[in-house]
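Novice: Dropping the structure in here first, questions after.
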Amino acid sequence: MTQQPRWTPEQIPDQTGRVFVVTGANSGLGLATTRALAHRGGHVILAVRDEDKGRRAVAEITAGQPGARLDVRRLDLADLDSVRDFADRLTSERSRLDVLVNNAGVMAPPRSLSPQGHESQFASNHLGHFALTGRLLGLLSAGSDPRVVTVSSANHRKGRLFFDDITGARRYSPMGYYNQSKLANAVFGRELHRRLTAAASPVRSVLAHPGYAATNLQSDGPVALVRVLFGRVLTPLAQSPDQGALSQLYAATDPGARGGEFIGPGGMAELRGAPTRVELSAGAADAGTGQRLWELSEEATGVRFAFPTSV
């Protein structure tokens, strides 16, 4: 693997004229990503569940960057109706989109179901992003150096896809189903790359993970044991959101990021450090698993990707 030593947001090329959608952009990695893209001239659409929090994030950024081009749009990834409404509005407003950063996520909450009956982590972290990407693919295909960046986790290597109990109805584990959702992100990103390549699409699908970053992901939603472990006990090992966002920023903007790659921190155990190309698990890279998850996701969301050629 080839490390990008000391890669910083200052190495982001000028993004003036480029349009980004960042999910979960009001806090944590999403906020750090939005701030860095705006600093380099990008026009960022903050796709957030809580519009008031989104507006506060915009105020925070513009206080230090007057003139930053930022818009707030409501998006609840757990609700496929919200995903449809967001995509329909964006498609009616714009003729192109350059980069979609599938960043938002939830971690290890008690079991609950989405409005459409899907397990909440699988719905928010994977199905919502699958549907959003499919619905925005036309705009992305018209973009300049278009990319889809899907944020997974090193935890994808611990995950398995519970195809026989995808909603956790029989046996639910908060971290087990979090790891499932992060594996689904990884499988989706690689399978999307395969299909885009087969279709000769200009869109690149790149995967990223932040290592271990201290964000509200570990404190706002998890069950108590996970909240204490990741939100308190292990916090001294964590890097800042600005550092954690480097991998997805590299994936979204650097000319050297290639489709199908997985970008993560290059330090010990991929917990922290400069962005580098890291390895997906064998399960995440398996084409048969990719096909099976894709078909399940199409059925669950009702979204079919409009690739320019048959794949």
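By convention here, the chains of the structure tokens are called A, B, ... in the order presented, each chain's residues are numbered starting at 1, and ligands are numbered starting at 1 in the order presented.
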Let's see if you can do this: from backbone DSSP, list all helix (DSSP H, G or I) residues in stretch 112-309 of chain A, as a ChimeraX atom specification.
Specialist: /A:120-141,154-158,174-198,217-220,224-233,235-237,241-244,246-253,268-270,282-285,287-301
Novice: Taking only C-alpha atoms into account, name the residue in A:Leu271, A:Leu80, A:Met175, A:Ala285 that is nearest to A:Arg194.
Specialist: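 Nearest to A:Arg194: A:Ala285.
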Novice: Let me make sure I understand: among A:Pro275, A:Pro109, A:Gly138, A:Pro66, which one has the smallest atom-to-atom distance to A:Thr91 if we use only C-alpha atoms?
Specialist: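 Once distances to A:Thr91 are computed over only C-alpha atoms, the minimum belongs to A:Gly138.
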Novice: To one decimal place, how far is atom CA of A:Asp254 from atom CA of A:Gly290 in Å?
Specialist: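 Rounded to one decimal, the two atoms are 26.2 Å apart.
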